[in-house]
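Please read the structure below before turning to the comments.
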Protein chains: 2
Amino acid sequence: MLKLSKKADYGLMALKYLAEHPETQALSAKDVADAYGIPAQLLAKILQRMTKTGLLRSHAGMNGGYALARDAREISAYEVIHAIDGPLFITSCTKGAKLCDLTPSCTIKEPLARVNESIAEVLKSISIYDLAEHEHVGEHEAHGLVLLTR
Amino acid sequence: MLKLSKKADYGLMALKYLAEHPETQALSAKDVADAYGIPAQLLAKILQRMTKTGLLRSHAGMNGGYALARDAREISAYEVIHAIDGPLFITSCTKGAKLCDLTPSCTIKEPLARVNESIAEVLKSISIYDLAEHEHVGEHEAHGLVLLTR
DNA sequence: GAAATGCCGACAGAATTGGTCGTATACTGA
DNA sequence: TCAGTATACGACCAATTCTGTCGGCATTTC
Ligand code: FES
Ligand code: FES
């Protein structure tokens, strides 16, 4: 429950890997897949999706592959997840087009939307750069987030 | 992605409903199910699980049913979700017993655990009471949460 | 004892996700 | 210009997870 899809996980791993190899011009889907032992074709599709949404730059042909389209600091975990799994909505009814059949009776949707918003904020505050290296980050300082309840 | 299961949704709705009817001694699963048009038997199972984890008190027999075990202010959304869907983990590998096969290579797990923690905090800061009534809550004040990024 | 209710496990159907395949297209370098 | 390497994309199957139902039993009230 409430867990990332494997695809999103793969996507984050791949971006992290790219962020850790800024020297190379581009890395092929296969390169990355092999590095982590994940299905190459599947990862390829994931990278393609991120390319389409502008997170990556791609280049076909020999020595082709993918590279970050922006600085790792400028790519948030939220963007990655959104690109791969679509809009993030905690409420069961996937929003937008078709509302779930109990929309009229469901009284909980609206308050949960705010929770959803908070989660999105958390995700937006994490960048690929934060994921890469920096094993140290300090357990306390956490990832730069402070939560205050009134 | 990252969305609540319908069960958790139902559970929250039911608790909210109970919180809004504090006068009655107990409400049967069927009562609540009918109120929202959700499958009675399914809801029954959900309520049972919440009973087992101590969120509800139950009473069999005529005029039996369920009632909140504690004040609505003392029951968090996190507890509800945890009771129904089990431990909340954003990382694909469901933790504990069996780790996913790429545990050694997955370098992303640890940083995400912190994100997970943040989300859990958000959920813990929301009580059933917050969900019930109070349509007003002020869009700005939100639900009593302030997020600060460094 | 009968009716209303909760309790529990097993299971079938539906929906989602994960992963594969085939084919087309683009770039590189010899 | 041709062979090789790569991305792009859609269709499709397989595995898993989620939803919902059923049947039987236990407990309380009248
Ligand atoms: S789940 Fe769709 S409206 Fe609440
Ligand atoms: S998904 Fe299991 S370790 Fe990263």
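Each chain of the structure tokens is named A, B, ... in the order shown, its residues numbered from 1; ligands are numbered from 1 in display order.
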Within 8 Å of chain D: residues of chain A, using only C-alpha atoms (C1' of nucleotides), as number ranges by chain:
A: 28, 48, 58-65
Up to 12 Å from chain B, what residues of chain C turn up? Count only C-alpha atoms (C1' of nucleotides) and give them as a ChimeraX atom specification.
/C:2-9,16-17
Closest pair table for chain B residues within 9 Å of ligand 1, only C-alpha atoms and all ligand atoms, as a Markdown table:
```
| residue | atom | partner | partner_atom_place_in_ligand_line | distance |
| --- | --- | --- | --- | --- |
| B:Leu4 | CA | ligand 1 | 1 (S) | 8.7 |
| B:Ser5 | CA | ligand 1 | 1 (S) | 9.0 |
| B:Lys6 | CA | ligand 1 | 1 (S) | 6.8 |
| B:Asp9 | CA | ligand 1 | 1 (S) | 6.3 |
| B:Tyr10 | CA | ligand 1 | 1 (S) | 8.0 |
| B:Met13 | CA | ligand 1 | 4 (Fe) | 8.4 |
```
To one decimal place in Å, what is the distance between atom CA of Ala19 of chain A and atom C1' of DA26 of chain C?
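The value is 25.4 Å.
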